[in-house]
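Scroll down for the structure; my scribbles are underneath it.
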Amino acid sequence: MSLLDYFRVTKASSASVAKERLQILVAHERSSRSQPSYLPQLQKELLEVIRKYVNVGQDAISVNFEQDDDQEILELNIVLPDHQAKKS
Amino acid sequence: MARIIVVTSGKGGVGKTTTSAAISMGLAKKGYKTAVIDFDVGLRNLDLVMGCERRVVYDFINVINGEANLNQALIRDKHCEQLYILPASQTRDKDALSVEGVGKILEELSKEFQYIVCDSPAGIEKGAHLAMYFADDAFVVTNPEVSSVRDSDRMLGLLSSKSRRAEQNEEPIKEYLLLSRYSPDRVKLGEMLSVKDVQEILSLHLLGVIPESKSVLNASNSGIPVILDQKSDAGQAYADIVARYLGEEKPHRFIDEKKGIFGKLFGGK
């Protein structure tokens, strides 16, 4: 502990903010990188099919892809509206 | 067979060309016959940094198109006779580069050279893709700054998926971190990401830290690779990097701040 340390302000440094932001971003970008490239297209087409029958919004469907050592899990999540208003 | 090294970063202005010039000179000075290729078609600058801009007659694209042979296009460095420079074309656009063309030239160079250093352009377009496609080793040049770290991570993704080694299921490209423009003083003040931070985020093997140094601009001003300025900190840092790459044990330098008399009195641990 040096003399100067007593006078240093102890607030989060900009470097530690940068590190935290980068860790979150890089983790997110890496996980989307390992996903199969057809995922966005699959999501888009599924949404089109579902919207033929149910009036759901653009963000009503989520597609998740997870990879373990020996298995791949494709998880589809579709949120239906409260009143299933059918088209036509 | 030559070992092919790509110097890459994604982001521009982080020191790819400075690094390509320095490490190719370093390898040549160690006695290895080395070629350094500028992949930045349309924006060539390696020739300028290496001080051979007035000796360019034929370029990389001329050789790919069969308008000149390799020996006509290769420029022998004036400081080291083991080092040859293959300049990029300044006039044509980068569509002139092709996987087949680049592959053929690298194969021909491999017969004669021990190391081939590919100076990648910034970005992730064709030039950058072809610079890393055939690589055995990748030197990822990163500045301790958010956009550079992010772009480096993007490049790591491409190296592991879009390279020849990845496509042919061979042993992956060996990736090394070169952290440049580093200011230990600012790291100490909490104003700059530390070596440890960047290593943690990218999980990369650190080949060396190049300190922020006036000698880099001085060297490019005069067209002499900074590694030849062995009095300078950056020159020494690059010499360490080349030695480490070749398997020598060198303790890391330039990570801790230099202490003046004031720092010694008040900044002790």
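Going through the structure tokens in order, the chains are called A, B, and so on, while each chain numbers its residues from 1 and the ligands are numbered from 1 in the order shown.
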
Excluding Ala15 in chain A and any residue of its chain fewer than 3 positions from it, enumerate the residues within 6 Å of it, using only C-alpha atoms, and give them as a count of residues only. 5

Enumerate as JSON, numbers by chain the residues belonging to chain B that approach chain A to within 12 Å, with only C-alpha atoms taken into account. {"B": [144, 145, 146, 147, 148, 149, 150, 151, 152, 153, 154, 155, 156, 157, 158, 160, 161, 186, 187, 188, 189, 190, 191, 192, 193, 194, 195, 196, 197, 198, 199, 200, 201, 202, 203, 262, 263, 264, 265, 266, 267, 268, 269]}

Given the selection you just returned, output its residues as a file containing N, CA and C atoms, formatted as a CSV table (one decimal), in the first residue's frame.
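Below you can see result_18.csv, which holds the result:
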chain,number,residue,atom,x,y,z
B,144,PRO,N,-5.9,-3.0,-26.8
B,144,PRO,CA,-6.7,-3.1,-25.6
B,144,PRO,C,-7.9,-2.2,-25.6
B,145,GLU,N,-8.8,-2.4,-26.4
B,145,GLU,CA,-9.9,-1.4,-26.7
B,145,GLU,C,-11.1,-2.2,-27.2
B,146,VAL,N,-12.3,-1.9,-26.8
B,146,VAL,CA,-13.5,-2.7,-27.0
B,146,VAL,C,-13.7,-3.2,-28.4
B,147,SER,N,-13.7,-2.2,-29.4
B,147,SER,CA,-14.0,-2.6,-30.7
B,147,SER,C,-13.0,-3.6,-31.3
B,148,SER,N,-11.7,-3.4,-31.0
B,148,SER,CA,-10.7,-4.3,-31.5
B,148,SER,C,-10.8,-5.7,-30.9
B,149,VAL,N,-11.1,-5.8,-29.6
B,149,VAL,CA,-11.2,-7.1,-29.0
B,149,VAL,C,-12.4,-7.8,-29.6
B,150,ARG,N,-13.5,-7.1,-29.8
B,150,ARG,CA,-14.7,-7.8,-30.4
B,150,ARG,C,-14.4,-8.3,-31.8
B,151,ASP,N,-13.7,-7.4,-32.6
B,151,ASP,CA,-13.4,-7.8,-33.9
B,151,ASP,C,-12.4,-9.0,-34.0
B,152,SER,N,-11.5,-9.0,-33.0
B,152,SER,CA,-10.6,-10.1,-32.9
B,152,SER,C,-11.3,-11.4,-32.7
B,153,ASP,N,-12.3,-11.4,-31.8
B,153,ASP,CA,-13.1,-12.6,-31.5
B,153,ASP,C,-13.9,-13.0,-32.8
B,154,ARG,N,-14.3,-12.1,-33.5
B,154,ARG,CA,-15.0,-12.4,-34.8
B,154,ARG,C,-14.0,-13.1,-35.7
B,155,MET,N,-12.8,-12.6,-35.8
B,155,MET,CA,-11.8,-13.3,-36.7
B,155,MET,C,-11.5,-14.7,-36.2
B,156,LEU,N,-11.5,-14.9,-34.9
B,156,LEU,CA,-11.2,-16.2,-34.3
B,156,LEU,C,-12.3,-17.2,-34.8
B,157,GLY,N,-13.5,-16.7,-34.8
B,157,GLY,CA,-14.6,-17.5,-35.3
B,157,GLY,C,-14.4,-17.9,-36.8
B,158,LEU,N,-14.0,-16.9,-37.6
B,158,LEU,CA,-13.7,-17.2,-39.0
B,158,LEU,C,-12.6,-18.2,-39.2
B,160,SER,N,-11.6,-20.5,-37.4
B,160,SER,CA,-12.0,-21.9,-37.0
B,160,SER,C,-13.1,-22.4,-37.9
B,161,SER,N,-13.6,-21.6,-38.8
B,161,SER,CA,-14.7,-22.2,-39.6
B,161,SER,C,-14.5,-22.0,-41.1
B,186,ARG,N,-1.7,3.4,-18.1
B,186,ARG,CA,-3.2,3.6,-18.2
B,186,ARG,C,-3.9,2.3,-17.6
B,187,VAL,N,-3.3,1.2,-17.8
B,187,VAL,CA,-3.8,0.0,-17.2
B,187,VAL,C,-3.9,0.1,-15.7
B,188,LYS,N,-2.8,0.6,-15.2
B,188,LYS,CA,-2.6,0.8,-13.7
B,188,LYS,C,-3.7,1.7,-13.2
B,189,LEU,N,-4.0,2.7,-14.0
B,189,LEU,CA,-5.1,3.7,-13.6
B,189,LEU,C,-6.5,3.2,-13.8
B,190,GLY,N,-6.6,2.0,-14.4
B,190,GLY,CA,-7.9,1.5,-14.7
B,190,GLY,C,-8.6,2.1,-15.9
B,191,GLU,N,-7.8,2.7,-16.8
B,191,GLU,CA,-8.3,3.3,-18.0
B,191,GLU,C,-8.2,2.4,-19.2
B,192,MET,N,-7.5,1.3,-19.1
B,192,MET,CA,-7.3,0.4,-20.2
B,192,MET,C,-7.4,-1.0,-19.8
B,193,LEU,N,-7.9,-1.9,-20.7
B,193,LEU,CA,-8.0,-3.3,-20.5
B,193,LEU,C,-6.6,-3.8,-20.3
B,194,SER,N,-6.4,-4.7,-19.3
B,194,SER,CA,-5.1,-5.3,-19.1
B,194,SER,C,-4.9,-6.5,-20.0
B,195,VAL,N,-3.6,-7.0,-20.1
B,195,VAL,CA,-3.3,-8.2,-20.8
B,195,VAL,C,-4.2,-9.3,-20.4
B,196,LYS,N,-4.3,-9.4,-19.0
B,196,LYS,CA,-5.0,-10.5,-18.4
B,196,LYS,C,-6.5,-10.4,-18.9
B,197,ASP,N,-7.1,-9.2,-18.8
B,197,ASP,CA,-8.5,-9.0,-19.2
B,197,ASP,C,-8.7,-9.6,-20.7
B,198,VAL,N,-7.8,-9.1,-21.6
B,198,VAL,CA,-8.0,-9.4,-23.0
B,198,VAL,C,-7.8,-10.9,-23.2
B,199,GLN,N,-6.8,-11.5,-22.5
B,199,GLN,CA,-6.6,-13.0,-22.6
B,199,GLN,C,-7.8,-13.7,-22.1
B,200,GLU,N,-8.4,-13.3,-21.0
B,200,GLU,CA,-9.5,-13.9,-20.4
B,200,GLU,C,-10.7,-13.9,-21.4
B,201,ILE,N,-10.9,-12.7,-22.0
B,201,ILE,CA,-12.1,-12.6,-22.9
B,201,ILE,C,-11.9,-13.4,-24.2
B,202,LEU,N,-10.7,-13.4,-24.7
B,202,LEU,CA,-10.5,-14.1,-26.0
B,202,LEU,C,-10.0,-15.6,-25.8
B,203,SER,N,-9.6,-15.9,-24.6
B,203,SER,CA,-8.9,-17.2,-24.3
B,203,SER,C,-7.9,-17.6,-25.4
B,262,PHE,N,9.7,9.3,-9.0
B,262,PHE,CA,8.5,9.6,-8.3
B,262,PHE,C,7.7,8.3,-8.0
B,263,GLY,N,7.6,7.5,-9.1
B,263,GLY,CA,6.8,6.3,-8.9
B,263,GLY,C,7.5,5.3,-7.9
B,264,LYS,N,8.8,5.3,-7.9
B,264,LYS,CA,9.5,4.4,-7.0
B,264,LYS,C,9.2,4.8,-5.6
B,265,LEU,N,9.1,6.2,-5.4
B,265,LEU,CA,8.9,6.7,-4.0
B,265,LEU,C,7.5,6.4,-3.5
B,266,PHE,N,6.5,6.7,-4.5
B,266,PHE,CA,5.1,6.7,-4.0
B,266,PHE,C,4.3,5.5,-4.6
B,267,GLY,N,4.8,4.9,-5.6
B,267,GLY,CA,3.9,3.9,-6.2
B,267,GLY,C,4.2,2.4,-5.9
B,268,GLY,N,5.0,2.2,-4.9
B,268,GLY,CA,5.5,0.8,-4.6
B,268,GLY,C,4.3,0.0,-4.2
B,269,LYS,N,4.5,-1.3,-4.3
B,269,LYS,CA,3.4,-2.3,-4.0
B,269,LYS,C,3.3,-2.6,-2.5

Which of range 31-93 of chain B counts as helix (DSSP H, G or I) under DSSP, as a list of chain:residue names please?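 Answer for range 31-93 of chain B restricted to helix (DSSP H, G or I) is B:Leu46, B:Asp47, B:Leu48, B:Val49, B:Glu53, B:Arg54, B:Arg55, B:Phe60, B:Ile61, B:Asn62, B:Val63, B:Ile64, B:Leu70, B:Asn71, B:Gln72, B:Ala73.
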
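Residue nearest Tyr115 in chain B within the list B:His205, B:Lys214, B:Lys33, B:Lys11: B:Lys33 [criterion: smallest interatomic distance, only C-alpha atoms].
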
Contacts of range 57-65 of chain A within 6 Å, only C-alpha atoms, excl. fewer than 2 positions in-chain, as a list in words: Ile73, Leu74, Glu75, Leu76, Asn77, Ile78 and Val79 of chain A

What is the distance, in Å and to one decimal place, between CA of Tyr32 in chain B and CA of Thr142 in chain B? 26.0 Å

Looking at B:Lys111, B:Lys78, B:His252, B:His129, which one is nearest to Ala2 in chain B, with distances taken over only C-alpha atoms?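 Ranking B:Lys111, B:Lys78, B:His252, B:His129 by distance to Ala2 in chain B, first place goes to B:Lys111.
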
Using only C-alpha atoms, determine which residues lie at most 12 Å from Glu100 in chain B, disregarding the query and same-chain residues fewer than 2 positions distant; provide the list as a VMD selection string. chain B and resid 64 to 65 96 to 98 102 to 107 130 133 to 134

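Between CA of Met132 in chain B and CA of Gly13 in chain B there is a distance of 18.0 Å.
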
Would you return as a PDB file with N, CA and C atoms, in the first residue's frame the members of chain A that DSSP assigns to strand (DSSP E or B) on this structure's backbone?
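out13.pdb, freshly written:
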ATOM      1  N   VAL A  54     -52.739 -18.986 -36.982  1.00  0.00           N
ATOM      2  CA  VAL A  54     -52.899 -18.219 -35.748  1.00  0.00           C
ATOM      3  C   VAL A  54     -52.287 -16.840 -35.940  1.00  0.00           C
ATOM      4  N   ILE A  61     -42.261 -16.367 -31.658  1.00  0.00           N
ATOM      5  CA  ILE A  61     -41.552 -17.645 -31.780  1.00  0.00           C
ATOM      6  C   ILE A  61     -40.069 -17.463 -31.417  1.00  0.00           C
ATOM      7  N   SER A  62     -39.572 -18.366 -30.602  1.00  0.00           N
ATOM      8  CA  SER A  62     -38.139 -18.331 -30.330  1.00  0.00           C
ATOM      9  C   SER A  62     -37.536 -19.693 -30.635  1.00  0.00           C
ATOM     10  N   VAL A  63     -36.395 -19.660 -31.289  1.00  0.00           N
ATOM     11  CA  VAL A  63     -35.713 -20.892 -31.659  1.00  0.00           C
ATOM     12  C   VAL A  63     -34.384 -20.927 -30.928  1.00  0.00           C
ATOM     13  N   ASN A  64     -34.166 -21.964 -30.168  1.00  0.00           N
ATOM     14  CA  ASN A  64     -32.910 -22.090 -29.437  1.00  0.00           C
ATOM     15  C   ASN A  64     -32.174 -23.346 -29.847  1.00  0.00           C
ATOM     16  N   PHE A  65     -30.905 -23.197 -29.982  1.00  0.00           N
ATOM     17  CA  PHE A  65     -30.093 -24.343 -30.356  1.00  0.00           C
ATOM     18  C   PHE A  65     -29.017 -24.547 -29.300  1.00  0.00           C
ATOM     19  N   GLU A  66     -28.967 -25.728 -28.740  1.00  0.00           N
ATOM     20  CA  GLU A  66     -27.929 -26.002 -27.750  1.00  0.00           C
ATOM     21  C   GLU A  66     -27.159 -27.236 -28.136  1.00  0.00           C
ATOM     22  N   GLN A  67     -25.882 -27.209 -27.800  1.00  0.00           N
ATOM     23  CA  GLN A  67     -25.042 -28.333 -28.178  1.00  0.00           C
ATOM     24  C   GLN A  67     -24.314 -28.867 -26.946  1.00  0.00           C
ATOM     25  N   GLU A  72     -27.519 -32.622 -29.800  1.00  0.00           N
ATOM     26  CA  GLU A  72     -27.909 -31.266 -30.155  1.00  0.00           C
ATOM     27  C   GLU A  72     -29.391 -31.115 -29.873  1.00  0.00           C
ATOM     28  N   ILE A  73     -29.759 -30.023 -29.222  1.00  0.00           N
ATOM     29  CA  ILE A  73     -31.161 -29.812 -28.881  1.00  0.00           C
ATOM     30  C   ILE A  73     -31.669 -28.575 -29.610  1.00  0.00           C
ATOM     31  N   LEU A  74     -32.721 -28.781 -30.391  1.00  0.00           N
ATOM     32  CA  LEU A  74     -33.373 -27.661 -31.046  1.00  0.00           C
ATOM     33  C   LEU A  74     -34.681 -27.405 -30.304  1.00  0.00           C
ATOM     34  N   GLU A  75     -34.780 -26.225 -29.712  1.00  0.00           N
ATOM     35  CA  GLU A  75     -35.942 -25.935 -28.881  1.00  0.00           C
ATOM     36  C   GLU A  75     -36.775 -24.857 -29.559  1.00  0.00           C
ATOM     37  N   LEU A  76     -38.056 -25.181 -29.809  1.00  0.00           N
ATOM     38  CA  LEU A  76     -38.954 -24.204 -30.412  1.00  0.00           C
ATOM     39  C   LEU A  76     -39.946 -23.739 -29.364  1.00  0.00           C
ATOM     40  N   ASN A  77     -40.145 -22.457 -29.277  1.00  0.00           N
ATOM     41  CA  ASN A  77     -41.078 -21.936 -28.307  1.00  0.00           C
ATOM     42  C   ASN A  77     -42.037 -20.984 -28.999  1.00  0.00           C
ATOM     43  N   ILE A  78     -43.317 -21.342 -29.026  1.00  0.00           N
ATOM     44  CA  ILE A  78     -44.296 -20.487 -29.698  1.00  0.00           C
ATOM     45  C   ILE A  78     -45.320 -20.007 -28.676  1.00  0.00           C
ATOM     46  N   LYS A  86     -58.601 -16.817 -35.112  1.00  0.00           N
ATOM     47  CA  LYS A  86     -58.194 -17.452 -36.357  1.00  0.00           C
ATOM     48  C   LYS A  86     -58.410 -16.503 -37.532  1.00  0.00           C
TER      49      LYS A  86
END

Near-Val56 in chain B list (12 Å; only C-alpha atoms; drop same-chain fewer than 6 positions) as an MDAnalysis selection string: chainID B and resid 44:48 50 62 72:77 84:90

Next, dump the selected residues to file, keeping only N, CA and C atoms, as a PDB file, in the first residue's frame.
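Now in again_5.pdb:
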ATOM      1  N   ARG B  44      -2.510  -0.871 -50.994  1.00  0.00           N
ATOM      2  CA  ARG B  44      -1.269  -1.492 -50.531  1.00  0.00           C
ATOM      3  C   ARG B  44      -0.451  -0.505 -49.702  1.00  0.00           C
ATOM      4  N   ASN B  45       0.176  -0.988 -48.683  1.00  0.00           N
ATOM      5  CA  ASN B  45       0.995  -0.149 -47.821  1.00  0.00           C
ATOM      6  C   ASN B  45       2.207  -0.851 -47.230  1.00  0.00           C
ATOM      7  N   LEU B  46       2.228  -2.157 -47.349  1.00  0.00           N
ATOM      8  CA  LEU B  46       3.367  -2.895 -46.804  1.00  0.00           C
ATOM      9  C   LEU B  46       4.680  -2.434 -47.451  1.00  0.00           C
ATOM     10  N   ASP B  47       4.616  -2.171 -48.763  1.00  0.00           N
ATOM     11  CA  ASP B  47       5.808  -1.701 -49.478  1.00  0.00           C
ATOM     12  C   ASP B  47       6.339  -0.404 -48.868  1.00  0.00           C
ATOM     13  N   LEU B  48       5.423   0.468 -48.461  1.00  0.00           N
ATOM     14  CA  LEU B  48       5.808   1.764 -47.894  1.00  0.00           C
ATOM     15  C   LEU B  48       6.422   1.583 -46.511  1.00  0.00           C
ATOM     16  N   MET B  50       7.871  -0.996 -45.450  1.00  0.00           N
ATOM     17  CA  MET B  50       9.148  -1.706 -45.554  1.00  0.00           C
ATOM     18  C   MET B  50      10.167  -0.949 -46.410  1.00  0.00           C
ATOM     19  N   ASN B  62      -0.546  -9.397 -60.799  1.00  0.00           N
ATOM     20  CA  ASN B  62       0.152  -9.704 -62.050  1.00  0.00           C
ATOM     21  C   ASN B  62       0.574 -11.168 -62.081  1.00  0.00           C
ATOM     22  N   GLN B  72       9.965 -12.192 -60.795  1.00  0.00           N
ATOM     23  CA  GLN B  72       9.926 -10.802 -61.264  1.00  0.00           C
ATOM     24  C   GLN B  72       9.216  -9.908 -60.251  1.00  0.00           C
ATOM     25  N   ALA B  73       8.252 -10.472 -59.554  1.00  0.00           N
ATOM     26  CA  ALA B  73       7.434  -9.657 -58.656  1.00  0.00           C
ATOM     27  C   ALA B  73       8.021  -9.536 -57.250  1.00  0.00           C
ATOM     28  N   LEU B  74       8.752 -10.570 -56.820  1.00  0.00           N
ATOM     29  CA  LEU B  74       9.316 -10.539 -55.466  1.00  0.00           C
ATOM     30  C   LEU B  74      10.414  -9.485 -55.357  1.00  0.00           C
ATOM     31  N   ILE B  75      10.348  -8.665 -54.317  1.00  0.00           N
ATOM     32  CA  ILE B  75      11.353  -7.636 -54.092  1.00  0.00           C
ATOM     33  C   ILE B  75      12.243  -8.066 -52.931  1.00  0.00           C
ATOM     34  N   ARG B  76      13.542  -8.133 -53.188  1.00  0.00           N
ATOM     35  CA  ARG B  76      14.453  -8.514 -52.109  1.00  0.00           C
ATOM     36  C   ARG B  76      14.665  -7.316 -51.189  1.00  0.00           C
ATOM     37  N   ASP B  77      14.538  -7.564 -49.884  1.00  0.00           N
ATOM     38  CA  ASP B  77      14.685  -6.483 -48.916  1.00  0.00           C
ATOM     39  C   ASP B  77      16.126  -5.974 -48.885  1.00  0.00           C
ATOM     40  N   TYR B  84      11.915 -11.388 -48.678  1.00  0.00           N
ATOM     41  CA  TYR B  84      11.346 -10.937 -49.947  1.00  0.00           C
ATOM     42  C   TYR B  84       9.922 -10.420 -49.726  1.00  0.00           C
ATOM     43  N   ILE B  85       9.588  -9.368 -50.481  1.00  0.00           N
ATOM     44  CA  ILE B  85       8.265  -8.753 -50.341  1.00  0.00           C
ATOM     45  C   ILE B  85       7.487  -8.941 -51.640  1.00  0.00           C
ATOM     46  N   LEU B  86       6.231  -9.384 -51.496  1.00  0.00           N
ATOM     47  CA  LEU B  86       5.338  -9.469 -52.654  1.00  0.00           C
ATOM     48  C   LEU B  86       4.247  -8.412 -52.471  1.00  0.00           C
ATOM     49  N   PRO B  87       4.335  -7.301 -53.207  1.00  0.00           N
ATOM     50  CA  PRO B  87       3.393  -6.204 -52.984  1.00  0.00           C
ATOM     51  C   PRO B  87       2.008  -6.503 -53.557  1.00  0.00           C
ATOM     52  N   ALA B  88       1.012  -5.833 -53.016  1.00  0.00           N
ATOM     53  CA  ALA B  88      -0.348  -5.952 -53.545  1.00  0.00           C
ATOM     54  C   ALA B  88      -0.481  -5.029 -54.738  1.00  0.00           C
ATOM     55  N   SER B  89      -1.514  -5.271 -55.532  1.00  0.00           N
ATOM     56  CA  SER B  89      -1.788  -4.377 -56.650  1.00  0.00           C
ATOM     57  C   SER B  89      -2.464  -3.125 -56.111  1.00  0.00           C
ATOM     58  N   GLN B  90      -2.094  -1.978 -56.658  1.00  0.00           N
ATOM     59  CA  GLN B  90      -2.684  -0.736 -56.176  1.00  0.00           C
ATOM     60  C   GLN B  90      -3.897  -0.336 -57.012  1.00  0.00           C
TER      61      GLN B  90
END

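Counting from CA of Arg92 in chain B, the distance to CA of Ile61 in chain B is 8.0 Å.
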
I want to know what sits within 8 Å of Val7 in chain B, based on only C-alpha atoms, with residues of the same chain fewer than 2 positions away left out; could you give that as number ranges by chain? B: 5, 9, 16, 19-20, 117-120, 138-141

Selected residues written out, C-alpha atoms, as a PDB file, in the first residue's frame:
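result.pdb was written with the following content:
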ATOM      1  CA  ILE B   5       1.441 -17.161 -40.948  1.00  0.00           C
ATOM      2  CA  SER B   9      -7.300  -8.465 -36.687  1.00  0.00           C
ATOM      3  CA  LYS B  16      -1.224  -5.485 -38.830  1.00  0.00           C
ATOM      4  CA  THR B  19       3.528  -6.371 -37.286  1.00  0.00           C
ATOM      5  CA  SER B  20       3.870  -8.130 -40.659  1.00  0.00           C
ATOM      6  CA  VAL B 117       3.757 -14.046 -43.785  1.00  0.00           C
ATOM      7  CA  CYS B 118       0.352 -12.906 -45.100  1.00  0.00           C
ATOM      8  CA  ASP B 119      -0.517  -9.312 -44.216  1.00  0.00           C
ATOM      9  CA  SER B 120      -4.317  -9.284 -44.114  1.00  0.00           C
ATOM     10  CA  ALA B 138      -2.572 -16.828 -37.041  1.00  0.00           C
ATOM     11  CA  PHE B 139      -1.165 -13.785 -35.298  1.00  0.00           C
ATOM     12  CA  VAL B 140      -4.228 -11.932 -34.038  1.00  0.00           C
ATOM     13  CA  VAL B 141      -3.217  -8.308 -33.509  1.00  0.00           C
TER      14      VAL B 141
END
